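K.L.:
My structure is stored as my_file23.csv, with CSV, C-alpha atoms.
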```csv
chain,number,residue,atom,x,y,z
D,1,MET,CA,198.0,-60.9,120.9
D,2,PHE,CA,198.1,-63.3,123.8
D,3,ASP,CA,197.3,-67.0,123.5
D,4,VAL,CA,195.1,-66.9,126.6
D,5,GLU,CA,193.9,-63.9,128.5
D,6,LEU,CA,191.8,-63.8,131.7
D,7,LYS,CA,190.3,-60.5,132.7
D,8,ASN,CA,188.8,-59.9,136.1
D,9,ILE,CA,187.5,-63.5,136.3
D,10,GLN,CA,185.4,-64.3,139.2
D,11,LYS,CA,183.5,-67.5,140.2
D,12,ARG,CA,181.1,-68.2,143.1
D,13,PHE,CA,179.6,-71.3,144.5
D,14,ASN,CA,176.7,-70.9,146.9
D,15,ASN,CA,177.4,-67.2,147.1
D,16,GLN,CA,181.0,-67.9,148.2
D,17,ALA,CA,183.8,-66.5,145.9
D,18,VAL,CA,186.2,-69.3,145.0
D,19,VAL,CA,188.1,-67.3,142.3
D,20,LYS,CA,188.4,-63.6,142.9
D,21,ASP,CA,189.5,-61.0,140.3
D,22,PHE,CA,191.8,-63.3,138.4
D,23,ASN,CA,193.9,-61.6,135.8
D,24,LEU,CA,196.5,-63.4,133.6
D,25,GLN,CA,198.0,-63.0,130.2
D,26,ILE,CA,199.7,-66.1,128.6
D,27,GLU,CA,202.1,-65.9,125.7
D,28,GLN,CA,202.2,-68.4,122.9
D,29,GLY,CA,204.2,-71.5,123.8
D,30,GLU,CA,204.4,-70.7,127.5
D,31,PHE,CA,204.1,-73.4,130.2
D,32,ILE,CA,202.1,-71.9,133.0
D,33,SER,CA,201.5,-73.6,136.4
D,34,PHE,CA,198.6,-72.9,138.7
D,35,LEU,CA,200.1,-73.8,142.1
D,36,GLY,CA,198.4,-73.8,145.5
D,37,PRO,CA,196.9,-75.9,148.2
D,38,SER,CA,193.6,-77.8,147.8
D,39,GLY,CA,190.6,-75.5,147.6
D,40,CYS,CA,192.6,-72.5,146.4
D,41,GLY,CA,190.6,-72.2,143.1
D,42,LYS,CA,193.3,-73.5,140.7
D,43,THR,CA,191.2,-76.3,139.2
D,44,THR,CA,188.1,-74.1,139.1
D,45,THR,CA,190.1,-71.6,137.0
D,46,LEU,CA,191.3,-74.3,134.7
D,47,ASN,CA,187.7,-75.6,134.2
D,48,MET,CA,186.7,-72.1,133.2
D,49,VAL,CA,189.4,-72.0,130.6
D,50,ALA,CA,188.3,-75.4,129.4
D,51,GLY,CA,184.6,-74.3,129.2
D,52,PHE,CA,183.3,-76.8,131.8
D,53,LEU,CA,182.4,-73.8,134.0
D,54,GLU,CA,181.3,-70.3,133.2
D,55,PRO,CA,182.8,-67.3,135.0
D,56,ASP,CA,180.2,-65.2,136.9
D,57,GLU,CA,182.2,-62.1,136.0
D,58,GLY,CA,185.0,-61.2,133.7
D,59,GLU,CA,186.2,-62.1,130.2
D,60,LEU,CA,188.1,-65.2,129.0
D,61,LEU,CA,189.9,-64.9,125.6
D,62,ILE,CA,191.8,-67.6,123.6
D,63,LYS,CA,193.8,-66.2,120.7
D,64,GLY,CA,191.9,-62.9,121.0
D,65,LYS,CA,188.5,-64.5,120.7
D,66,LYS,CA,186.0,-64.2,123.6
D,67,MET,CA,185.2,-67.7,124.9
D,68,ASN,CA,182.5,-66.8,127.4
D,69,GLY,CA,179.6,-69.1,126.6
D,70,VAL,CA,181.5,-71.1,124.0
D,71,PRO,CA,181.3,-74.9,124.7
D,72,PRO,CA,184.4,-77.0,125.3
D,73,TYR,CA,184.4,-78.8,122.0
D,74,LYS,CA,184.6,-75.5,120.1
D,75,ARG,CA,187.7,-74.3,122.0
D,76,GLU,CA,190.2,-76.5,120.2
D,77,LEU,CA,192.0,-77.5,123.3
D,78,GLY,CA,193.4,-80.8,124.7
D,79,MET,CA,192.9,-81.8,128.3
D,80,VAL,CA,194.5,-84.4,130.5
D,81,PHE,CA,192.8,-85.3,133.8
D,82,GLN,CA,194.1,-86.6,137.2
D,83,THR,CA,192.6,-90.0,136.2
D,84,TYR,CA,193.6,-91.5,132.9
D,85,SER,CA,190.0,-91.5,131.6
D,86,LEU,CA,190.8,-94.1,128.9
D,87,PHE,CA,188.1,-96.3,127.4
D,88,PRO,CA,188.8,-99.8,128.7
D,89,HIS,CA,187.1,-101.6,125.8
D,90,MET,CA,189.1,-99.7,123.2
D,91,THR,CA,192.7,-100.4,122.0
D,92,ILE,CA,195.3,-97.7,122.6
D,93,GLU,CA,195.0,-96.7,118.9
D,94,GLU,CA,191.3,-96.3,119.2
D,95,ASN,CA,191.6,-94.4,122.5
D,96,ILE,CA,194.1,-91.9,120.9
D,97,GLY,CA,192.1,-91.6,117.7
D,98,TYR,CA,188.8,-90.9,119.4
D,99,GLY,CA,189.1,-87.1,119.2
D,100,LEU,CA,190.2,-87.4,115.5
D,101,LYS,CA,187.2,-89.6,114.7
D,102,PHE,CA,184.9,-87.1,116.4
D,103,ARG,CA,186.4,-84.4,114.1
D,104,LYS,CA,185.9,-86.7,111.0
D,105,VAL,CA,189.6,-86.8,110.2
D,106,PRO,CA,190.2,-89.2,107.2
D,107,LYS,CA,191.3,-92.7,108.3
D,108,SER,CA,194.7,-92.6,106.5
D,109,GLU,CA,195.6,-89.3,108.1
D,110,MET,CA,194.3,-90.5,111.5
D,111,LYS,CA,196.5,-93.6,111.5
D,112,ASP,CA,199.5,-91.5,110.6
D,113,ARG,CA,198.9,-88.9,113.3
D,114,ILE,CA,198.3,-91.7,115.9
D,115,GLN,CA,201.6,-93.3,115.0
D,116,LYS,CA,203.5,-90.0,115.2
D,117,VAL,CA,202.2,-89.2,118.6
D,118,LEU,CA,202.9,-92.7,119.9
D,119,GLU,CA,206.5,-92.2,118.7
D,120,LEU,CA,206.6,-88.8,120.4
D,121,ILE,CA,205.7,-90.3,123.8
D,122,LYS,CA,208.1,-93.2,123.1
D,123,LEU,CA,205.4,-95.9,123.0
D,124,PRO,CA,205.2,-96.8,119.3
D,125,HIS,CA,204.7,-100.6,120.1
D,126,VAL,CA,201.5,-100.4,122.2
D,127,ALA,CA,198.9,-99.4,119.5
D,128,ASP,CA,197.1,-102.8,119.6
D,129,ARG,CA,197.1,-103.2,123.4
D,130,PHE,CA,194.3,-102.3,125.8
D,131,PRO,CA,194.7,-99.9,128.8
D,132,LYS,CA,194.7,-102.7,131.4
D,133,GLN,CA,197.8,-104.1,129.7
D,134,LEU,CA,199.8,-100.9,130.4
D,135,SER,CA,201.4,-99.6,133.6
D,136,GLY,CA,200.1,-96.5,135.3
D,137,GLY,CA,202.8,-94.3,133.8
D,138,GLN,CA,202.2,-95.7,130.3
D,139,ARG,CA,198.4,-95.0,130.6
D,140,GLN,CA,199.0,-91.4,131.6
D,141,ARG,CA,201.4,-91.0,128.6
D,142,ILE,CA,198.6,-92.3,126.4
D,143,ALA,CA,196.2,-89.8,127.9
D,144,ILE,CA,198.7,-87.1,127.1
D,145,ALA,CA,199.0,-88.5,123.5
D,146,ARG,CA,195.2,-88.4,123.1
D,147,ALA,CA,195.2,-84.7,124.0
D,148,LEU,CA,198.1,-83.9,121.7
D,149,VAL,CA,196.9,-85.9,118.6
D,150,ILE,CA,194.2,-83.3,117.8
D,151,GLU,CA,197.0,-80.7,117.6
D,152,PRO,CA,195.4,-78.4,120.1
D,153,SER,CA,196.2,-74.7,120.4
D,154,LEU,CA,196.1,-75.0,124.2
D,155,LEU,CA,196.9,-78.0,126.4
D,156,LEU,CA,195.3,-78.2,129.9
D,157,LEU,CA,196.8,-80.6,132.5
D,158,ASP,CA,194.8,-81.1,135.7
D,159,GLU,CA,197.2,-82.7,138.3
D,160,PRO,CA,198.1,-85.5,135.8
D,161,LEU,CA,200.9,-86.9,137.9
D,162,SER,CA,199.3,-87.0,141.3
D,163,ASN,CA,198.1,-90.6,141.1
D,164,LEU,CA,201.6,-92.0,140.3
D,165,ASP,CA,204.3,-93.1,142.7
D,166,ALA,CA,207.3,-90.8,143.3
D,167,LYS,CA,209.6,-92.5,140.7
D,168,LEU,CA,206.9,-92.4,138.0
D,169,ARG,CA,206.1,-88.8,138.8
D,170,HIS,CA,209.7,-87.8,138.3
D,171,GLU,CA,209.9,-89.7,135.0
D,172,LEU,CA,206.6,-88.3,133.7
D,173,ARG,CA,207.7,-84.8,134.7
D,174,ASN,CA,210.8,-85.1,132.6
D,175,GLU,CA,208.6,-86.4,129.7
D,176,LEU,CA,206.3,-83.5,130.0
D,177,LYS,CA,209.2,-81.1,129.9
D,178,ARG,CA,210.7,-82.8,126.8
D,179,LEU,CA,207.3,-82.9,125.0
D,180,HIS,CA,206.8,-79.2,125.7
D,181,GLN,CA,210.2,-78.3,124.4
D,182,GLU,CA,209.6,-80.4,121.2
D,183,ILE,CA,206.0,-79.3,120.5
D,184,GLY,CA,205.9,-75.8,122.1
D,185,VAL,CA,202.1,-75.9,122.7
D,186,THR,CA,200.8,-73.4,125.1
D,187,THR,CA,200.2,-75.3,128.4
D,188,ILE,CA,198.4,-74.7,131.7
D,189,PHE,CA,199.3,-77.1,134.4
D,190,VAL,CA,197.5,-77.4,137.7
D,191,THR,CA,199.4,-78.8,140.7
D,192,HIS,CA,199.8,-78.6,144.4
D,193,ASP,CA,203.4,-79.9,144.1
D,194,GLN,CA,205.9,-77.1,144.4
D,195,GLU,CA,208.7,-79.2,142.9
D,196,GLU,CA,206.6,-80.0,139.8
D,197,ALA,CA,205.8,-76.3,139.3
D,198,LEU,CA,209.4,-75.1,139.8
D,199,SER,CA,210.9,-77.7,137.4
D,200,LEU,CA,208.3,-77.4,134.6
D,201,SER,CA,207.1,-73.9,134.4
D,202,ASP,CA,208.1,-70.8,132.5
D,203,ARG,CA,205.9,-68.9,135.0
D,204,ILE,CA,204.0,-69.9,138.1
D,205,VAL,CA,200.7,-68.5,139.4
D,206,VAL,CA,200.6,-69.0,143.1
D,207,MET,CA,197.1,-69.1,144.5
D,208,SER,CA,195.5,-69.0,147.9
D,209,HIS,CA,191.8,-68.8,148.8
D,210,GLY,CA,190.8,-67.8,145.3
D,211,ASN,CA,193.4,-65.0,145.1
D,212,ILE,CA,196.6,-64.7,143.1
D,213,GLU,CA,199.4,-64.3,145.6
D,214,GLN,CA,202.2,-63.9,143.0
D,215,ILE,CA,202.9,-64.5,139.3
D,216,GLY,CA,206.5,-65.0,138.3
D,217,LYS,CA,209.3,-67.2,137.0
D,218,PRO,CA,210.3,-70.1,139.2
D,219,TRP,CA,213.6,-68.5,140.3
D,220,ASP,CA,211.7,-65.3,141.4
D,221,ILE,CA,208.9,-67.2,143.1
D,222,TYR,CA,211.4,-69.1,145.2
D,223,HIS,CA,214.1,-66.5,145.9
D,224,HIS,CA,212.0,-63.3,145.8
D,225,PRO,CA,208.5,-64.1,147.2
D,226,LYS,CA,206.2,-61.1,147.5
D,227,THR,CA,204.1,-62.5,150.4
D,228,GLU,CA,204.5,-64.6,153.5
D,229,PHE,CA,202.2,-67.2,152.0
D,230,VAL,CA,204.4,-67.6,148.9
D,231,HIS,CA,207.6,-67.9,151.0
D,232,THR,CA,206.1,-70.5,153.4
D,233,PHE,CA,204.2,-72.5,150.8
D,234,ILE,CA,207.2,-72.8,148.4
D,235,GLY,CA,209.9,-75.0,150.0
D,236,SER,CA,210.9,-75.1,153.7
D,237,THR,CA,211.7,-72.2,155.9
D,238,ASN,CA,212.5,-71.1,159.5
D,239,ARG,CA,210.7,-68.4,161.3
D,240,ILE,CA,212.5,-66.1,163.8
D,241,ASP,CA,210.4,-63.6,165.8
D,242,GLY,CA,211.8,-60.3,167.1
D,243,THR,CA,211.5,-56.5,167.4
D,244,LEU,CA,212.8,-53.9,164.9
D,245,VAL,CA,215.5,-51.9,166.6
D,246,SER,CA,217.0,-49.9,163.7
D,247,LYS,CA,216.1,-49.1,160.1
D,248,SER,CA,218.0,-47.4,157.4
D,249,GLY,CA,216.7,-47.9,153.8
D,250,THR,CA,216.7,-51.6,153.2
D,251,GLU,CA,219.0,-52.4,156.1
D,252,LEU,CA,216.9,-53.5,159.1
D,253,THR,CA,218.2,-54.8,162.4
D,254,ILE,CA,216.0,-57.0,164.6
D,255,LYS,CA,216.5,-58.0,168.2
D,256,THR,CA,215.6,-61.6,169.0
D,257,ALA,CA,215.9,-63.8,172.1
D,258,GLN,CA,219.0,-65.4,170.6
D,259,GLY,CA,220.7,-62.2,169.4
D,260,LEU,CA,220.7,-59.6,166.6
D,261,ILE,CA,219.8,-60.3,163.0
D,262,ARG,CA,220.1,-58.0,160.1
D,263,SER,CA,218.4,-57.9,156.7
D,264,THR,CA,219.5,-55.9,153.6
D,265,THR,CA,217.0,-57.1,151.0
D,266,HIS,CA,213.9,-55.0,151.4
D,267,SER,CA,212.3,-52.4,153.6
D,268,VAL,CA,209.1,-53.0,155.5
D,269,ASP,CA,206.4,-50.7,156.7
D,270,THR,CA,207.1,-51.1,160.4
D,271,ASN,CA,208.1,-48.5,163.1
D,272,ILE,CA,211.0,-49.0,165.4
D,273,GLY,CA,209.9,-51.2,168.3
D,274,GLY,CA,207.4,-53.0,166.2
D,275,PRO,CA,207.1,-56.8,166.1
D,276,ILE,CA,208.5,-58.5,163.1
D,277,SER,CA,209.3,-62.0,161.8
D,278,ALA,CA,212.2,-63.0,159.7
D,279,TYR,CA,212.3,-66.2,157.6
D,280,VAL,CA,215.5,-68.0,156.4
D,281,ARG,CA,215.5,-71.2,154.3
D,282,PRO,CA,217.3,-74.3,155.7
D,283,GLU,CA,219.8,-74.4,152.8
D,284,LYS,CA,220.8,-70.8,153.4
D,285,ILE,CA,222.1,-71.6,156.9
D,286,ARG,CA,225.7,-72.6,157.5
D,287,LEU,CA,226.9,-74.6,160.6
D,288,VAL,CA,230.3,-73.9,162.1
D,289,HIS,CA,232.0,-75.4,165.1
D,290,ASP,CA,231.4,-73.5,168.3
D,291,HIS,CA,234.7,-72.4,169.9
D,292,GLY,CA,233.0,-70.3,172.6
D,293,GLY,CA,233.7,-66.9,171.0
D,294,GLU,CA,231.4,-63.8,171.0
D,295,LEU,CA,228.6,-64.0,168.4
D,296,THR,CA,228.1,-61.4,165.6
D,297,THR,CA,225.0,-60.4,163.8
D,298,ASN,CA,223.1,-63.2,162.0
D,299,GLN,CA,224.7,-65.9,164.2
D,300,PHE,CA,222.9,-68.1,166.7
D,301,ARG,CA,224.4,-70.6,169.1
D,302,GLY,CA,222.6,-73.9,169.6
D,303,THR,CA,222.9,-77.6,170.1
D,304,VAL,CA,222.4,-80.2,167.3
D,305,THR,CA,219.4,-82.3,168.5
D,306,MET,CA,218.7,-84.3,165.4
D,307,MET,CA,220.5,-85.3,162.1
D,308,ASN,CA,218.9,-87.2,159.2
D,309,PHE,CA,221.3,-88.5,156.5
D,310,LEU,CA,219.9,-87.8,152.9
D,311,GLY,CA,222.8,-88.7,150.7
D,312,ALA,CA,224.5,-85.5,149.6
D,313,PHE,CA,222.8,-83.6,152.4
D,314,MET,CA,222.0,-83.9,156.1
D,315,ASP,CA,218.9,-82.4,157.6
D,316,CYS,CA,219.7,-81.1,161.1
D,317,ASP,CA,217.7,-79.6,163.9
D,318,VAL,CA,219.6,-77.0,166.0
D,319,THR,CA,217.9,-75.9,169.3
D,320,ASN,CA,218.5,-73.0,171.6
D,321,GLY,CA,215.8,-72.6,174.3
D,322,ASP,CA,212.4,-72.3,172.5
D,323,MET,CA,214.1,-71.7,169.1
D,324,LYS,CA,214.6,-74.5,166.7
D,325,LEU,CA,216.2,-74.1,163.3
D,326,THR,CA,216.2,-76.7,160.6
D,327,VAL,CA,219.3,-76.7,158.5
D,328,LYS,CA,220.0,-78.4,155.2
D,329,LEU,CA,223.7,-79.2,155.5
D,330,GLN,CA,225.7,-80.0,152.4
D,331,LEU,CA,228.3,-82.5,153.6
D,332,ASN,CA,232.0,-81.5,153.2
D,333,ASN,CA,235.3,-81.9,155.1
D,334,ASP,CA,234.6,-78.9,157.2
D,335,ASN,CA,231.4,-80.1,158.7
D,336,MET,CA,231.7,-83.9,158.6
D,337,SER,CA,232.6,-84.0,162.3
D,338,ILE,CA,229.3,-82.2,163.4
D,339,GLN,CA,227.3,-84.7,165.5
D,340,THR,CA,224.1,-84.8,167.6
D,341,GLY,CA,224.7,-83.2,171.0
D,342,LYS,CA,227.4,-80.8,169.8
D,343,SER,CA,227.3,-77.1,170.3
D,344,VAL,CA,227.4,-75.2,166.9
D,345,ILE,CA,226.9,-71.8,165.5
D,346,CYS,CA,224.2,-71.2,162.8
D,347,GLU,CA,225.0,-68.3,160.5
D,348,TRP,CA,223.6,-66.8,157.3
D,349,ASN,CA,223.9,-63.8,155.0
D,350,SER,CA,221.7,-60.8,155.6
D,351,GLU,CA,220.3,-60.9,152.0
D,352,ASP,CA,218.8,-64.3,152.7
D,353,LEU,CA,216.3,-63.1,155.2
D,354,PHE,CA,212.6,-62.5,154.3
D,355,LEU,CA,210.8,-60.1,156.6
D,356,ILE,CA,207.1,-59.8,157.6
D,357,PRO,CA,205.7,-57.3,160.1
D,358,ARG,CA,203.6,-59.2,162.6
D,359,GLY,CA,199.9,-58.3,162.7
D,360,GLU,CA,200.3,-56.4,159.3
D,361,ALA,CA,200.8,-59.4,156.9
```
Write out the structure in this file as structure tokens.
P.N.:
Amino acid sequence: MFDVELKNIQKRFNNQAVVKDFNLQIEQGEFISFLGPSGCGKTTTLNMVAGFLEPDEGELLIKGKKMNGVPPYKRELGMVFQTYSLFPHMTIEENIGYGLKFRKVPKSEMKDRIQKVLELIKLPHVADRFPKQLSGGQRQRIAIARALVIEPSLLLLDEPLSNLDAKLRHELRNELKRLHQEIGVTTIFVTHDQEEALSLSDRIVVMSHGNIEQIGKPWDIYHHPKTEFVHTFIGSTNRIDGTLVSKSGTELTIKTAQGLIRSTTHSVDTNIGGPISAYVRPEKIRLVHDHGGELTTNQFRGTVTMMNFLGAFMDCDVTNGDMKLTVKLQLNNDNMSIQTGKSVICEWNSEDLFLIPRGEA
């Protein structure tokens, strides 16, 4: 039996479908992220799981029980919102204990559970303070503690890190990962931040315009995208347009304005002579000094037009006519002498290309 199951879920607003034929099965203890741009339907889907919205079609089950029509307070779940939603006139202890008081938990047990969850989030000393006396990161941890103290069977997180600065987001992300490892509660996390989803999730549901583009483990989502949207939305990439000139199984050769490129990863449904685009990620491209020799397949010659130092890496733009490739260059003794204005050769492995037929994607 799955902890959460969504079967053919659909939701419409003003006759416009915002979630379309959504199907997902979540195992006990999984950390699942709904990832996509604003307006893709991820928060709407989460709100249907929570009971704040009712699906127009389909079935929603939690621990095997149908939840359609069941109000939120009967679903035994904890929810953390984008805003902290703490009561300003209550102490931290009173804020965390609000759900327990609502459930008529005895005072002695309540105090013990509040103290345990404060220790869990590493803030055991703030019970008597008020929300305004805490930092933004601390307040969000209190919001998480309030959701956990009721010992929910399901934890829902709606972009809980988006209002924090970069440093706090990173710290809270690590805290969420630690908490999930310690508690093991089934979690659904909504985010538009690819890095958050990749670092936290057991599986990611990538969404676009109400549709599921791909469901998979972070490694597969990043390295083996199934659609052009997934590849371009997750991380950075370079697009190279060309024409298919040969095809043998999964080995495809494409003619571009800069030379021949070859892919050996997957076949595409395109005839010889058809337009095709290849994508290669910046970190998959290597830069080597140009000594004027003849180029081979998967090599482009160009000029370094920009370099941005980022510590262990250098972001470089390499230009050849209308083509510009962005390269994430890991600094080492072989490429330390590469400078703006120098002619270089960009090269990559054939298995690192992702192909999309143009006009058929």
K.L.:
Skip D:Met306 itself and residues of its chain fewer than 6 positions away, then list as a PDB file with C-alpha atoms, in the coordinates of the input all residues within 6 Å of it, counting all atoms listed in the file.
P.N.:
```pdb
ATOM      1  CA  CYS D 316     219.700 -81.100 161.100  1.00  0.00           C
ATOM      2  CA  ASP D 317     217.700 -79.600 163.900  1.00  0.00           C
ATOM      3  CA  THR D 340     224.100 -84.800 167.600  1.00  0.00           C
TER       4      THR D 340
END
```
K.L.:
Counting all atoms listed in the file, which of D:Lys65, D:His209, D:Arg103, D:Arg203 gets nearest to D:Asp21?
P.N.:
D:His209
K.L.:
So the first atom is atom CA of D:Ser135 and the second is atom CA of D:Gln194; what is the distance between them in Å, to one decimal place?
P.N.:
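Taking atom CA of D:Ser135 as the start and atom CA of D:Gln194 as the end point, the length is 25.4 Å.
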K.L.:
Distance atom CA of D:Tyr98-atom CA of D:Ala145, one decimal place?
P.N.:
11.3 Å
K.L.:
Using all atoms listed in the file, which residues sit within 12 Å of D:Asn271 once same-chain residues fewer than 2 positions away are excluded, as a count of residues only?
P.N.:
19
K.L.:
Just the number, please: distance in Å from atom CA of D:Arg129 to atom CA of D:Met90, one decimal.
P.N.:
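Here the two named atoms are 8.7 Å from each other.
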K.L.:
Show me the residues around (215.7, -65.6, 153.5) - criterion: an atom at most 6 Å away, all atoms listed in the file counted - as a PyMOL selection string.
P.N.:
chain D and resi 279-281+352-354
K.L.:
Which residues, written as a PyMOL selection string, have at least one atom at most 7 Å from stretch 282-290 of chain D, with all atoms listed in the file counted and residues fewer than 5 positions away on the same chain left out?
P.N.:
chain D and resi 236-238+326-329+343-348+352
K.L.:
With 9 Å as the threshold, what does the neighbourhood of (193.5, -94.0, 121.2) contain in terms of residues, counting all atoms listed in the file? Coordinates are those of the file; answer as a ChimeraX atom specification.
P.N.:
/D:86-87,90-99,114,127,142-143,145-146
K.L.:
If we count only C-alpha atoms and set the cut-off at 7 Å, which residues sit around D:Thr319, ignoring sequence neighbours fewer than 6 positions away in its own chain? Please answer as number ranges by chain.
P.N.:
D: 302-305, 325
K.L.:
Env of D:Ile62: 12 Å cut, atoms = only C-alpha atoms, seq-sep filter 6 positions within chain, self excluded. Answer as a ChimeraX atom specification.
P.N.:
/D:1-7,24-28,48-51,68,70,74-77,152-155,186
K.L.:
From the set D:Gly64, D:Asn15, D:Gly29, D:Asn163, which residue has the shortest atom-to-atom contact distance to D:Asp202, counting all atoms listed in the file?
P.N.:
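Answer, going by the shortest atom-to-atom distance: D:Gly29.
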K.L.:
With all atoms listed in the file as the basis for distance, which of D:Gln140, D:Thr44, D:Asp128, D:Glu57 is at the shortest distance from D:Ser85?
P.N.:
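Looking only at the distances to D:Ser85, the closest residue turns out to be D:Gln140.
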